[in-house]
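Q: The structure file target32.cif (mmCIF, C-alpha atoms and all ligand atoms) is provided below.
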```cif
data_target
#
loop_
_atom_site.group_PDB
_atom_site.id
_atom_site.type_symbol
_atom_site.label_atom_id
_atom_site.label_comp_id
_atom_site.auth_asym_id
_atom_site.auth_seq_id
_atom_site.Cartn_x
_atom_site.Cartn_y
_atom_site.Cartn_z
ATOM 1 C CA MET A 1 0.000 0.000 0.000
ATOM 2 C CA GLY A 2 1.368 3.414 -0.982
ATOM 3 C CA THR A 3 0.280 6.931 -0.151
ATOM 4 C CA ILE A 4 -3.333 7.863 -0.690
ATOM 5 C CA LEU A 5 -2.423 9.717 -3.912
ATOM 6 C CA GLU A 6 -0.703 6.587 -5.237
ATOM 7 C CA GLU A 7 -3.781 4.569 -4.339
ATOM 8 C CA ILE A 8 -5.976 7.086 -6.161
ATOM 9 C CA ILE A 9 -3.790 6.830 -9.258
ATOM 10 C CA SER A 10 -4.042 3.013 -9.141
ATOM 11 C CA ALA A 11 -7.809 3.044 -8.599
ATOM 12 C CA THR A 12 -8.226 5.348 -11.614
ATOM 13 C CA VAL A 13 -5.985 3.187 -13.797
ATOM 14 C CA ASP A 14 -7.705 0.007 -12.553
ATOM 15 C CA VAL A 15 -11.092 1.568 -13.415
ATOM 16 C CA ASP A 16 -12.368 0.929 -9.882
ATOM 17 C CA GLU A 17 -15.143 3.469 -9.296
ATOM 18 C CA GLU A 18 -16.075 2.253 -5.826
ATOM 19 C CA LYS A 19 -12.477 2.548 -4.641
ATOM 20 C CA SER A 20 -12.022 5.913 -6.401
ATOM 21 C CA VAL A 21 -14.983 7.344 -4.517
ATOM 22 C CA ALA A 22 -13.960 5.794 -1.185
ATOM 23 C CA LEU A 23 -10.454 7.251 -1.551
ATOM 24 C CA ALA A 24 -11.895 10.710 -2.288
ATOM 25 C CA ARG A 25 -13.811 10.519 1.004
ATOM 26 C CA GLN A 26 -10.726 9.312 2.839
ATOM 27 C CA ALA A 27 -8.567 12.107 1.379
ATOM 28 C CA MET A 28 -11.080 14.716 2.573
ATOM 29 C CA ALA A 29 -11.313 13.085 6.015
ATOM 30 C CA ASP A 30 -7.504 13.334 6.157
ATOM 31 C CA GLY A 31 -7.801 17.074 5.475
ATOM 32 C CA MET A 32 -6.153 17.063 2.051
ATOM 33 C CA GLU A 33 -6.654 19.876 -0.483
ATOM 34 C CA PRO A 34 -9.270 18.811 -3.047
ATOM 35 C CA PHE A 35 -7.448 20.370 -6.015
ATOM 36 C CA GLU A 36 -4.193 18.643 -5.032
ATOM 37 C CA VAL A 37 -6.077 15.378 -4.889
ATOM 38 C CA ILE A 38 -7.508 15.911 -8.376
ATOM 39 C CA GLN A 39 -4.305 17.182 -9.934
ATOM 40 C CA ASN A 40 -1.826 14.736 -8.365
ATOM 41 C CA GLY A 41 -4.224 11.812 -8.034
ATOM 42 C CA TYR A 42 -7.119 11.385 -10.441
ATOM 43 C CA ALA A 43 -5.708 13.461 -13.314
ATOM 44 C CA ARG A 44 -2.386 11.575 -13.123
ATOM 45 C CA GLY A 45 -4.269 8.284 -13.222
ATOM 46 C CA MET A 46 -6.251 9.531 -16.206
ATOM 47 C CA LYS A 47 -3.000 10.428 -17.966
ATOM 48 C CA ILE A 48 -1.836 6.819 -17.581
ATOM 49 C CA VAL A 49 -5.219 5.612 -18.869
ATOM 50 C CA GLY A 50 -4.638 7.846 -21.918
ATOM 51 C CA GLU A 51 -1.213 6.313 -22.471
ATOM 52 C CA LYS A 52 -2.675 2.818 -22.273
ATOM 53 C CA PHE A 53 -5.352 3.865 -24.762
ATOM 54 C CA ALA A 54 -2.686 5.197 -27.122
ATOM 55 C CA THR A 55 -0.745 1.903 -26.964
ATOM 56 C CA LEU A 56 -3.928 -0.151 -27.473
ATOM 57 C CA GLU A 57 -3.677 -1.737 -24.025
ATOM 58 C CA TYR A 58 -7.012 -0.092 -23.151
ATOM 59 C CA PHE A 59 -9.970 0.553 -25.414
ATOM 60 C CA LEU A 60 -12.769 3.099 -25.307
ATOM 61 C CA PRO A 61 -14.926 1.280 -22.704
ATOM 62 C CA GLU A 62 -12.093 1.367 -20.141
ATOM 63 C CA VAL A 63 -11.488 5.056 -20.847
ATOM 64 C CA MET A 64 -15.196 5.820 -20.475
ATOM 65 C CA LEU A 65 -15.438 3.916 -17.199
ATOM 66 C CA SER A 66 -12.380 5.578 -15.695
ATOM 67 C CA ALA A 67 -13.770 8.965 -16.744
ATOM 68 C CA ASP A 68 -17.011 8.050 -14.934
ATOM 69 C CA ALA A 69 -15.022 7.011 -11.862
ATOM 70 C CA MET A 70 -13.150 10.328 -11.886
ATOM 71 C CA THR A 71 -16.415 12.254 -12.275
ATOM 72 C CA ALA A 72 -17.925 10.411 -9.298
ATOM 73 C CA ALA A 73 -14.843 11.177 -7.189
ATOM 74 C CA ILE A 74 -14.958 14.868 -8.164
ATOM 75 C CA GLU A 75 -18.579 14.981 -6.983
ATOM 76 C CA VAL A 76 -17.347 13.892 -3.541
ATOM 77 C CA LEU A 77 -14.583 16.529 -3.546
ATOM 78 C CA LYS A 78 -16.729 19.422 -4.797
ATOM 79 C CA PRO A 79 -18.132 20.580 -1.431
ATOM 80 C CA TYR A 80 -14.614 20.799 -0.018
ATOM 81 C CA PHE A 81 -13.411 23.538 -2.343
ATOM 82 C CA LYS A 82 -13.163 26.694 -0.303
ATOM 83 C CA ASP A 83 -16.110 28.860 -1.115
ATOM 84 C CA ARG A 84 -15.681 32.616 -0.969
ATOM 85 C CA GLY A 85 -19.387 32.814 -0.360
ATOM 86 C CA LYS A 86 -21.889 34.857 -2.236
ATOM 87 C CA GLN A 87 -20.535 38.342 -1.498
ATOM 88 C CA ASP A 88 -19.255 40.366 -4.440
ATOM 89 C CA SER A 89 -18.755 38.388 -7.616
ATOM 90 C CA ARG A 90 -15.336 38.394 -9.178
ATOM 91 C CA GLY A 91 -16.989 38.382 -12.596
ATOM 92 C CA THR A 92 -19.238 36.338 -14.860
ATOM 93 C CA ILE A 93 -17.920 33.582 -17.084
ATOM 94 C CA VAL A 94 -19.521 31.374 -19.709
ATOM 95 C CA ILE A 95 -17.660 28.143 -20.261
ATOM 96 C CA ALA A 96 -17.999 25.136 -22.560
ATOM 97 C CA THR A 97 -16.139 22.413 -24.336
ATOM 98 C CA ILE A 98 -16.075 23.376 -27.978
ATOM 99 C CA GLN A 99 -18.166 21.897 -30.803
ATOM 100 C CA GLY A 100 -17.428 18.279 -31.738
ATOM 101 C CA ASP A 101 -15.620 17.600 -28.473
ATOM 102 C CA MET A 102 -17.151 15.455 -25.709
ATOM 103 C CA HIS A 103 -14.216 15.687 -23.276
ATOM 104 C CA ASP A 104 -15.533 17.585 -20.263
ATOM 105 C CA LEU A 105 -13.488 16.409 -17.258
ATOM 106 C CA GLY A 106 -10.931 19.216 -17.524
ATOM 107 C CA LYS A 107 -13.564 21.867 -18.192
ATOM 108 C CA ASN A 108 -15.567 20.684 -15.170
ATOM 109 C CA ILE A 109 -12.537 21.035 -12.894
ATOM 110 C CA VAL A 110 -11.856 24.526 -14.243
ATOM 111 C CA LYS A 111 -15.471 25.442 -13.543
ATOM 112 C CA ILE A 112 -15.335 24.176 -9.948
ATOM 113 C CA MET A 113 -12.150 26.149 -9.258
ATOM 114 C CA LEU A 114 -13.526 29.352 -10.792
ATOM 115 C CA GLU A 115 -16.728 29.064 -8.752
ATOM 116 C CA ALA A 116 -14.786 28.385 -5.584
ATOM 117 C CA ASP A 117 -12.854 31.579 -6.271
ATOM 118 C CA GLY A 118 -16.063 33.602 -6.443
ATOM 119 C CA PHE A 119 -16.795 33.796 -10.164
ATOM 120 C CA VAL A 120 -20.326 33.228 -11.420
ATOM 121 C CA VAL A 121 -19.951 30.484 -14.015
ATOM 122 C CA HIS A 122 -22.494 29.462 -16.643
ATOM 123 C CA ASP A 123 -21.569 26.038 -17.962
ATOM 124 C CA LEU A 124 -23.016 25.058 -21.346
ATOM 125 C CA GLY A 125 -21.549 21.557 -21.217
ATOM 126 C CA ALA A 126 -19.692 19.816 -24.019
ATOM 127 C CA ASN A 127 -19.991 19.860 -27.819
ATOM 128 C CA VAL A 128 -21.112 23.492 -27.878
ATOM 129 C CA PRO A 129 -21.100 25.590 -31.066
ATOM 130 C CA VAL A 130 -19.259 28.898 -30.794
ATOM 131 C CA ARG A 131 -22.432 30.807 -31.662
ATOM 132 C CA ASP A 132 -24.197 29.291 -28.614
ATOM 133 C CA LEU A 133 -21.344 30.378 -26.368
ATOM 134 C CA ILE A 134 -21.572 33.917 -27.695
ATOM 135 C CA ASP A 135 -25.384 33.985 -27.395
ATOM 136 C CA LYS A 136 -25.132 32.857 -23.776
ATOM 137 C CA ALA A 137 -22.442 35.441 -23.061
ATOM 138 C CA GLU A 138 -24.814 38.085 -24.421
ATOM 139 C CA ALA A 139 -27.764 36.766 -22.422
ATOM 140 C CA VAL A 140 -25.951 36.773 -19.074
ATOM 141 C CA GLN A 141 -23.750 39.786 -19.855
ATOM 142 C CA ALA A 142 -20.632 37.757 -19.240
ATOM 143 C CA ASP A 143 -17.181 39.224 -18.772
ATOM 144 C CA ILE A 144 -15.218 36.220 -19.959
ATOM 145 C CA ILE A 145 -15.869 33.569 -22.595
ATOM 146 C CA ALA A 146 -13.921 30.427 -21.697
ATOM 147 C CA ALA A 147 -13.534 27.424 -23.971
ATOM 148 C CA SER A 148 -11.929 24.020 -23.677
ATOM 149 C CA ALA A 149 -10.712 21.775 -26.508
ATOM 150 C CA ILE A 150 -9.118 18.389 -25.929
ATOM 151 C CA LEU A 151 -9.024 17.150 -29.515
ATOM 152 C CA THR A 152 -6.670 18.716 -32.036
ATOM 153 C CA THR A 153 -9.518 18.594 -34.564
ATOM 154 C CA THR A 154 -11.969 20.568 -32.422
ATOM 155 C CA MET A 155 -9.327 23.119 -31.443
ATOM 156 C CA ALA A 156 -9.859 24.419 -34.986
ATOM 157 C CA HIS A 157 -13.168 26.004 -33.866
ATOM 158 C CA MET A 158 -11.508 28.163 -31.232
ATOM 159 C CA PRO A 159 -10.386 30.979 -33.566
ATOM 160 C CA ASP A 160 -14.081 31.470 -34.458
ATOM 161 C CA ILE A 161 -14.786 32.951 -31.026
ATOM 162 C CA SER A 162 -12.710 36.024 -31.710
ATOM 163 C CA SER A 163 -13.572 36.276 -35.413
ATOM 164 C CA ILE A 164 -17.343 35.953 -34.910
ATOM 165 C CA LEU A 165 -17.232 38.533 -32.101
ATOM 166 C CA ASP A 166 -15.297 40.774 -34.489
ATOM 167 C CA GLU A 167 -17.896 40.348 -37.222
ATOM 168 C CA LEU A 168 -20.642 41.197 -34.746
ATOM 169 C CA GLY A 169 -18.723 44.257 -33.610
ATOM 170 C CA MET A 170 -18.674 42.905 -30.050
ATOM 171 C CA ARG A 171 -15.035 41.862 -29.661
ATOM 172 C CA ASP A 172 -14.296 44.520 -27.029
ATOM 173 C CA ARG A 173 -17.144 43.370 -24.765
ATOM 174 C CA TYR A 174 -15.518 40.107 -23.710
ATOM 175 C CA MET A 175 -12.271 38.625 -22.599
ATOM 176 C CA ILE A 176 -11.521 35.253 -24.199
ATOM 177 C CA MET A 177 -9.790 32.511 -22.219
ATOM 178 C CA LEU A 178 -8.743 29.235 -23.838
ATOM 179 C CA GLY A 179 -7.426 25.958 -22.480
ATOM 180 C CA GLY A 180 -7.230 22.207 -22.920
ATOM 181 C CA ALA A 181 -4.421 19.735 -23.508
ATOM 182 C CA PRO A 182 -3.546 20.555 -27.151
ATOM 183 C CA VAL A 183 -3.777 24.345 -26.754
ATOM 184 C CA ILE A 184 -0.533 26.286 -26.310
ATOM 185 C CA PRO A 185 -0.214 29.924 -25.192
ATOM 186 C CA GLN A 186 1.337 31.267 -28.373
ATOM 187 C CA TRP A 187 -1.387 29.733 -30.542
ATOM 188 C CA ALA A 188 -4.075 31.038 -28.181
ATOM 189 C CA ARG A 189 -2.690 34.550 -28.608
ATOM 190 C CA GLU A 190 -2.479 34.165 -32.374
ATOM 191 C CA VAL A 191 -6.163 33.234 -32.600
ATOM 192 C CA GLY A 192 -7.232 36.265 -30.629
ATOM 193 C CA ALA A 193 -7.509 34.974 -27.054
ATOM 194 C CA ASP A 194 -6.764 37.292 -24.148
ATOM 195 C CA GLY A 195 -5.634 34.493 -21.865
ATOM 196 C CA TYR A 196 -4.585 30.861 -21.699
ATOM 197 C CA GLY A 197 -4.480 28.541 -18.683
ATOM 198 C CA GLU A 198 -2.415 25.387 -18.462
ATOM 199 C CA ASP A 199 -4.542 23.880 -15.690
ATOM 200 C CA ALA A 200 -7.459 24.744 -13.430
ATOM 201 C CA SER A 201 -5.470 26.730 -10.879
ATOM 202 C CA GLU A 202 -3.854 28.765 -13.639
ATOM 203 C CA ALA A 203 -7.338 29.316 -15.085
ATOM 204 C CA VAL A 204 -8.277 31.105 -11.853
ATOM 205 C CA ALA A 205 -5.179 33.328 -11.913
ATOM 206 C CA VAL A 206 -5.735 34.160 -15.580
ATOM 207 C CA ALA A 207 -9.443 34.905 -15.069
ATOM 208 C CA ARG A 208 -8.574 37.295 -12.223
ATOM 209 C CA ARG A 209 -5.994 39.011 -14.410
ATOM 210 C CA LEU A 210 -8.486 39.350 -17.277
ATOM 211 C CA MET A 211 -11.075 40.885 -14.941
ATOM 212 C CA HIS A 212 -8.519 43.379 -13.728
ATOM 213 C CA LYS A 213 -7.727 44.316 -17.324
ATOM 214 C CA LYS A 214 -11.420 44.519 -18.250
ATOM 215 C CA ARG A 215 -12.144 46.777 -15.301
ATOM 216 C CA GLY A 216 -9.505 49.151 -16.566
ATOM 217 C CA GLY A 217 -6.382 47.996 -14.758
ATOM 218 C CA GLU A 218 -3.195 46.928 -16.477
HETATM 219 C C1 LIG A 301 -11.152 10.539 -20.741
HETATM 220 C C2 LIG A 301 -10.917 10.550 -22.215
HETATM 221 C C3 LIG A 301 -12.026 10.322 -23.059
HETATM 222 C C4 LIG A 301 -13.447 10.164 -22.532
HETATM 223 C C5 LIG A 301 -14.001 11.570 -22.154
HETATM 224 C C6 LIG A 301 -14.975 11.520 -21.004
HETATM 225 C C7 LIG A 301 -15.288 12.891 -20.485
HETATM 226 N N1 LIG A 301 -16.471 12.985 -19.912
HETATM 227 O O1 LIG A 301 -14.536 13.857 -20.582
HETATM 228 C C8 LIG A 301 -14.175 9.523 -23.764
HETATM 229 C C9 LIG A 301 -14.155 8.023 -23.604
HETATM 230 C C10 LIG A 301 -15.611 9.973 -24.003
HETATM 231 C C11 LIG A 301 -13.226 9.891 -24.899
HETATM 232 C C12 LIG A 301 -13.612 9.874 -26.227
HETATM 233 C C13 LIG A 301 -12.747 10.107 -27.283
HETATM 234 N N2 LIG A 301 -11.417 10.358 -27.201
HETATM 235 CO CO1 LIG A 301 -10.500 10.703 -25.526
HETATM 236 N N3 LIG A 301 -9.366 10.779 -24.048
HETATM 237 C C14 LIG A 301 -9.591 10.757 -22.750
HETATM 238 C C15 LIG A 301 -8.253 10.846 -21.987
HETATM 239 C C16 LIG A 301 -7.872 9.445 -21.520
HETATM 240 C C17 LIG A 301 -8.232 11.762 -20.770
HETATM 241 C C18 LIG A 301 -8.693 13.213 -21.016
HETATM 242 C C19 LIG A 301 -8.936 13.851 -19.673
HETATM 243 O O2 LIG A 301 -10.059 13.912 -19.201
HETATM 244 N N4 LIG A 301 -7.872 14.247 -18.974
HETATM 245 C C20 LIG A 301 -7.934 14.749 -17.594
HETATM 246 C C21 LIG A 301 -8.279 16.235 -17.540
HETATM 247 C C22 LIG A 301 -8.357 16.708 -16.079
HETATM 248 O O3 LIG A 301 -7.234 16.951 -18.170
HETATM 249 P P1 LIG A 301 -7.504 18.048 -19.308
HETATM 250 O O4 LIG A 301 -8.700 17.678 -20.077
HETATM 251 O O5 LIG A 301 -6.249 18.261 -20.064
HETATM 252 O O6 LIG A 301 -7.866 19.377 -18.501
HETATM 253 C C23 LIG A 301 -6.936 20.163 -17.772
HETATM 254 C C24 LIG A 301 -6.196 21.213 -18.630
HETATM 255 O O7 LIG A 301 -6.115 20.890 -20.007
HETATM 256 C C25 LIG A 301 -6.924 22.492 -18.350
HETATM 257 N N5 LIG A 301 -8.101 22.864 -19.147
HETATM 258 C C26 LIG A 301 -9.010 22.090 -19.762
HETATM 259 N N6 LIG A 301 -9.975 22.826 -20.304
HETATM 260 C C27 LIG A 301 -9.709 24.114 -20.042
HETATM 261 C C28 LIG A 301 -10.387 25.289 -20.367
HETATM 262 C C29 LIG A 301 -9.875 26.513 -19.967
HETATM 263 C C30 LIG A 301 -10.608 27.744 -20.324
HETATM 264 C C31 LIG A 301 -8.645 26.560 -19.248
HETATM 265 C C32 LIG A 301 -8.082 27.858 -18.878
HETATM 266 C C33 LIG A 301 -7.976 25.384 -18.899
HETATM 267 C C34 LIG A 301 -8.504 24.164 -19.308
HETATM 268 O O8 LIG A 301 -7.335 22.351 -17.009
HETATM 269 C C35 LIG A 301 -7.762 20.996 -16.793
HETATM 270 C C36 LIG A 301 -7.617 20.637 -15.326
HETATM 271 O O9 LIG A 301 -6.371 20.944 -14.795
HETATM 272 C C37 LIG A 301 -7.296 11.407 -23.083
HETATM 273 C C38 LIG A 301 -5.824 11.027 -22.958
HETATM 274 C C39 LIG A 301 -4.956 12.091 -22.309
HETATM 275 N N7 LIG A 301 -3.756 11.755 -22.011
HETATM 276 O O10 LIG A 301 -5.358 13.210 -22.139
HETATM 277 C C40 LIG A 301 -7.932 10.874 -24.374
HETATM 278 C C41 LIG A 301 -7.764 11.657 -25.680
HETATM 279 C C42 LIG A 301 -7.919 13.140 -25.423
HETATM 280 N N8 LIG A 301 -8.894 11.163 -26.484
HETATM 281 C C43 LIG A 301 -8.575 11.002 -27.716
HETATM 282 C C44 LIG A 301 -9.474 10.513 -28.715
HETATM 283 C C45 LIG A 301 -8.866 10.267 -30.092
HETATM 284 C C46 LIG A 301 -10.849 10.253 -28.444
HETATM 285 C C47 LIG A 301 -11.894 9.750 -29.437
HETATM 286 C C48 LIG A 301 -11.839 10.373 -30.836
HETATM 287 C C49 LIG A 301 -11.770 8.232 -29.471
HETATM 288 C C50 LIG A 301 -12.568 7.512 -30.518
HETATM 289 N N9 LIG A 301 -11.856 6.773 -31.341
HETATM 290 O O11 LIG A 301 -13.773 7.618 -30.559
HETATM 291 C C51 LIG A 301 -13.211 10.095 -28.713
HETATM 292 C C52 LIG A 301 -13.730 11.500 -29.116
HETATM 293 C C53 LIG A 301 -15.082 11.823 -28.632
HETATM 294 C C54 LIG A 301 -15.379 13.275 -28.882
HETATM 295 N N10 LIG A 301 -16.039 13.584 -29.971
HETATM 296 O O12 LIG A 301 -14.993 14.122 -28.115
HETATM 297 C C55 LIG A 301 -7.132 11.396 -28.023
HETATM 298 C C56 LIG A 301 -7.037 12.781 -28.677
HETATM 299 C C57 LIG A 301 -6.027 12.822 -29.808
HETATM 300 C C58 LIG A 301 -5.886 14.190 -30.334
HETATM 301 N N11 LIG A 301 -4.668 14.631 -30.397
HETATM 302 O O13 LIG A 301 -6.789 14.883 -30.668
HETATM 303 C C59 LIG A 301 -6.505 11.313 -26.584
HETATM 304 C C60 LIG A 301 -5.306 12.245 -26.365
HETATM 305 C C61 LIG A 301 -6.089 9.827 -26.386
HETATM 306 C C62 LIG A 301 -4.956 9.369 -27.292
HETATM 307 N N12 LIG A 301 -3.760 9.291 -26.753
HETATM 308 O O14 LIG A 301 -5.145 9.095 -28.443
HETATM 309 N N13 LIG A 301 -12.000 10.225 -24.441
#
```
Once more with this new file: its structure as structure tokens, please.
A:
Amino acid sequence: MGTILEEIISATVDVDEEKSVALARQAMADGMEPFEVIQNGYARGMKIVGEKFATLEYFLPEVMLSADAMTAAIEVLKPYFKDRGKQDSRGTIVIATIQGDMHDLGKNIVKIMLEADGFVVHDLGANVPVRDLIDKAEAVQADIIAASAILTTTMAHMPDISSILDELGMRDRYMIMLGGAPVIPQWAREVGADGYGEDASEAVAVARRLMHKKRGGE
């Protein structure tokens, strides 16, 4: 038996949902930080699952089941993220996984972290056309439009956010924040994004910075 994080990694790789959930409870009872547990436990396990998928050791059913196990564990961890409470909002964000892409684990973690930091987050889910994201941003008067892409093919829709906003003459109303495994900062800048986050904790720092900029700071 290793540390609890090692056990979480194994449970994720072994596609053991019951154990994944039990370990999430145990980690919280031990007073661990929920984001640490996700980042250094479940997400690491999921990375190994991805490697096994790439080398044909695992197939889609295993990947789907381990994603379900991770989702169930995150549900347990959710209430333990420090909540700033409902005082003043840091800003309003609409978030989605981009059209054609069903991968929502990363986006869900980003959402939880942003909410815990005091942002109001409207989550449109996965496989969301850029136009829907923009319409929602309009409807809720969002400050930031955030999008996730995990497939290199669906990443191709991301530049549309900035270009469609441009066409509508609304580009200056929103900050655009991009993320997801295949996205790199330089590319994000080139396609008109204002910010890029490598992981969920960086997403929070970037969103704060974008709000500062939007509210007239530097
Ligand atoms: C789980 C998984 C699935 C699950 C998804 C379940 C779900 N509900 O999400 C299922 C089984 C559905 C799936 C399906 C497919 N998958 Co898949 N999948 C994965 C896997 C194993 C893990 C992805 C994951 O969840 N990682 C964990 C999360 C926490 O990490 P993350 O997404 O990167 O998110 C973090 C950061 O990127 C960042 N972030 C994410 N979003 C955002 C957004 C913002 C705004 C910011 C700031 C930050 C940010 O913060 C997050 C948290 O820290 C990867 C392999 C891998 N190594 O990544 C393959 C992988 C992504 N899949 C792949 C493929 C090919 C597919 C399929 C096409 C397979 C098929 N033949 O059908 C389908 C596509 C379905 C579709 N249309 O989307 C390929 C992609 C190849 C490529 N380069 O495009 C990968 C890389 C596997 C591989 N090695 O081939 N998959």
Q: Between atom C34 of ligand LIG 301 (chain A) and CA of Ala27 (chain A), what distance in Å does the model show, to one decimal?
A: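 Computing it gives 23.9 Å between the two atoms.
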Q: Can you list, as a short mmCIF file (atom, residue, chain, number, x, y, z; two decimals) with C-alpha atoms, keeping the file's coordinate frame, the residues that the PyMOL selection byres (((not hetatm)) within 7 of (chain A and resi 301)) selects here?
A:
```cif
data_model
loop_
_atom_site.label_atom_id
_atom_site.label_comp_id
_atom_site.auth_asym_id
_atom_site.auth_seq_id
_atom_site.Cartn_x
_atom_site.Cartn_y
_atom_site.Cartn_z
CA GLN A 39 -4.30 17.18 -9.93
CA ALA A 43 -5.71 13.46 -13.31
CA MET A 46 -6.25 9.53 -16.21
CA LYS A 47 -3.00 10.43 -17.97
CA ILE A 48 -1.84 6.82 -17.58
CA VAL A 49 -5.22 5.61 -18.87
CA GLY A 50 -4.64 7.85 -21.92
CA GLU A 51 -1.21 6.31 -22.47
CA PHE A 53 -5.35 3.86 -24.76
CA ALA A 54 -2.69 5.20 -27.12
CA LEU A 60 -12.77 3.10 -25.31
CA PRO A 61 -14.93 1.28 -22.70
CA VAL A 63 -11.49 5.06 -20.85
CA MET A 64 -15.20 5.82 -20.48
CA ALA A 67 -13.77 8.96 -16.74
CA GLY A 100 -17.43 18.28 -31.74
CA ASP A 101 -15.62 17.60 -28.47
CA MET A 102 -17.15 15.46 -25.71
CA HIS A 103 -14.22 15.69 -23.28
CA ASP A 104 -15.53 17.58 -20.26
CA LEU A 105 -13.49 16.41 -17.26
CA GLY A 106 -10.93 19.22 -17.52
CA LYS A 107 -13.56 21.87 -18.19
CA ILE A 109 -12.54 21.04 -12.89
CA VAL A 110 -11.86 24.53 -14.24
CA ALA A 146 -13.92 30.43 -21.70
CA ALA A 147 -13.53 27.42 -23.97
CA SER A 148 -11.93 24.02 -23.68
CA ALA A 149 -10.71 21.78 -26.51
CA ILE A 150 -9.12 18.39 -25.93
CA LEU A 151 -9.02 17.15 -29.52
CA THR A 152 -6.67 18.72 -32.04
CA THR A 153 -9.52 18.59 -34.56
CA MET A 177 -9.79 32.51 -22.22
CA LEU A 178 -8.74 29.24 -23.84
CA GLY A 179 -7.43 25.96 -22.48
CA GLY A 180 -7.23 22.21 -22.92
CA ALA A 181 -4.42 19.74 -23.51
CA PRO A 182 -3.55 20.56 -27.15
CA TYR A 196 -4.58 30.86 -21.70
CA GLY A 197 -4.48 28.54 -18.68
CA GLU A 198 -2.42 25.39 -18.46
CA ASP A 199 -4.54 23.88 -15.69
CA ALA A 200 -7.46 24.74 -13.43
CA GLU A 202 -3.85 28.76 -13.64
CA ALA A 203 -7.34 29.32 -15.08
#
```
Q: Between A:Val37, A:Ile4, A:Leu56, A:Ala96, which has the minimum distance to Val76 (chain A) (counting only C-alpha atoms)?
A: A:Val37
Q: Find, counting only C-alpha atoms, the residue in A:Ile95, A:Ala116, A:Met175, A:Val206 that gets nearest to Val128 (chain A).
A: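 For Val128 (chain A), the nearest of the candidates is A:Ile95.
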Q: Go through the shown structure with the PyMOL selection byres (((chain A and resi 15) around 10) and not hetatm) and write out the matching residues as a ChimeraX atom specification.
A: /A:9-14,16-20,45-46,49,62-70
Q: Please work out which residues fall within 9 Å of (-11.9, 20.9, -1.7), coordinates as given in the file, with only C-alpha atoms counting, and return them as a list in words.
A: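 Answer for this query, in the requested form: Met28, Met32, Glu33, Pro34, Phe35, Glu36, Val37, Leu77, Lys78, Pro79, Tyr80, Phe81, Lys82 and Ala116 of chain A.
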Q: For Ile93 (chain A), list every protein, DNA or RNA residue within 12 Å, evaluated using all atoms listed in the file, and leave out those in the same chain fewer than 5 positions away; present the list as a PDB file with C-alpha atoms, keeping the file's coordinate frame.
A:
```pdb
ATOM      1  CA  VAL A 110     -11.856  24.526 -14.243  1.00  0.00           C
ATOM      2  CA  LYS A 111     -15.471  25.442 -13.543  1.00  0.00           C
ATOM      3  CA  LEU A 114     -13.526  29.352 -10.792  1.00  0.00           C
ATOM      4  CA  GLU A 115     -16.728  29.064  -8.752  1.00  0.00           C
ATOM      5  CA  GLY A 118     -16.063  33.602  -6.443  1.00  0.00           C
ATOM      6  CA  PHE A 119     -16.795  33.796 -10.164  1.00  0.00           C
ATOM      7  CA  VAL A 120     -20.326  33.228 -11.420  1.00  0.00           C
ATOM      8  CA  VAL A 121     -19.951  30.484 -14.015  1.00  0.00           C
ATOM      9  CA  HIS A 122     -22.494  29.462 -16.643  1.00  0.00           C
ATOM     10  CA  ASP A 123     -21.569  26.038 -17.962  1.00  0.00           C
ATOM     11  CA  LEU A 124     -23.016  25.058 -21.346  1.00  0.00           C
ATOM     12  CA  LEU A 133     -21.344  30.378 -26.368  1.00  0.00           C
ATOM     13  CA  ILE A 134     -21.572  33.917 -27.695  1.00  0.00           C
ATOM     14  CA  LYS A 136     -25.132  32.857 -23.776  1.00  0.00           C
ATOM     15  CA  ALA A 137     -22.442  35.441 -23.061  1.00  0.00           C
ATOM     16  CA  GLU A 138     -24.814  38.085 -24.421  1.00  0.00           C
ATOM     17  CA  ALA A 139     -27.764  36.766 -22.422  1.00  0.00           C
ATOM     18  CA  VAL A 140     -25.951  36.773 -19.074  1.00  0.00           C
ATOM     19  CA  GLN A 141     -23.750  39.786 -19.855  1.00  0.00           C
ATOM     20  CA  ALA A 142     -20.632  37.757 -19.240  1.00  0.00           C
ATOM     21  CA  ASP A 143     -17.181  39.224 -18.772  1.00  0.00           C
ATOM     22  CA  ILE A 144     -15.218  36.220 -19.959  1.00  0.00           C
ATOM     23  CA  ILE A 145     -15.869  33.569 -22.595  1.00  0.00           C
ATOM     24  CA  ALA A 146     -13.921  30.427 -21.697  1.00  0.00           C
ATOM     25  CA  ALA A 147     -13.534  27.424 -23.971  1.00  0.00           C
ATOM     26  CA  TYR A 174     -15.518  40.107 -23.710  1.00  0.00           C
ATOM     27  CA  MET A 175     -12.271  38.625 -22.599  1.00  0.00           C
ATOM     28  CA  ILE A 176     -11.521  35.253 -24.199  1.00  0.00           C
ATOM     29  CA  MET A 177      -9.790  32.511 -22.219  1.00  0.00           C
ATOM     30  CA  ALA A 203      -7.338  29.316 -15.085  1.00  0.00           C
ATOM     31  CA  VAL A 204      -8.277  31.105 -11.853  1.00  0.00           C
ATOM     32  CA  ALA A 207      -9.443  34.905 -15.069  1.00  0.00           C
ATOM     33  CA  ARG A 208      -8.574  37.295 -12.223  1.00  0.00           C
ATOM     34  CA  LEU A 210      -8.486  39.350 -17.277  1.00  0.00           C
ATOM     35  CA  MET A 211     -11.075  40.885 -14.941  1.00  0.00           C
TER      36      MET A 211
END
```
Q: Do you know which residues the PyMOL selection byres (((chain A and resi 163) around 12) and not hetatm) returns on this file, as number ranges by chain?
A: A: 130-131, 134, 157-162, 164-172, 176, 190-193
Q: Measure the distance from CA of Asp117 (chain A) to CA of Ser89 (chain A) in Å and round it to one decimal.
A: 9.1 Å
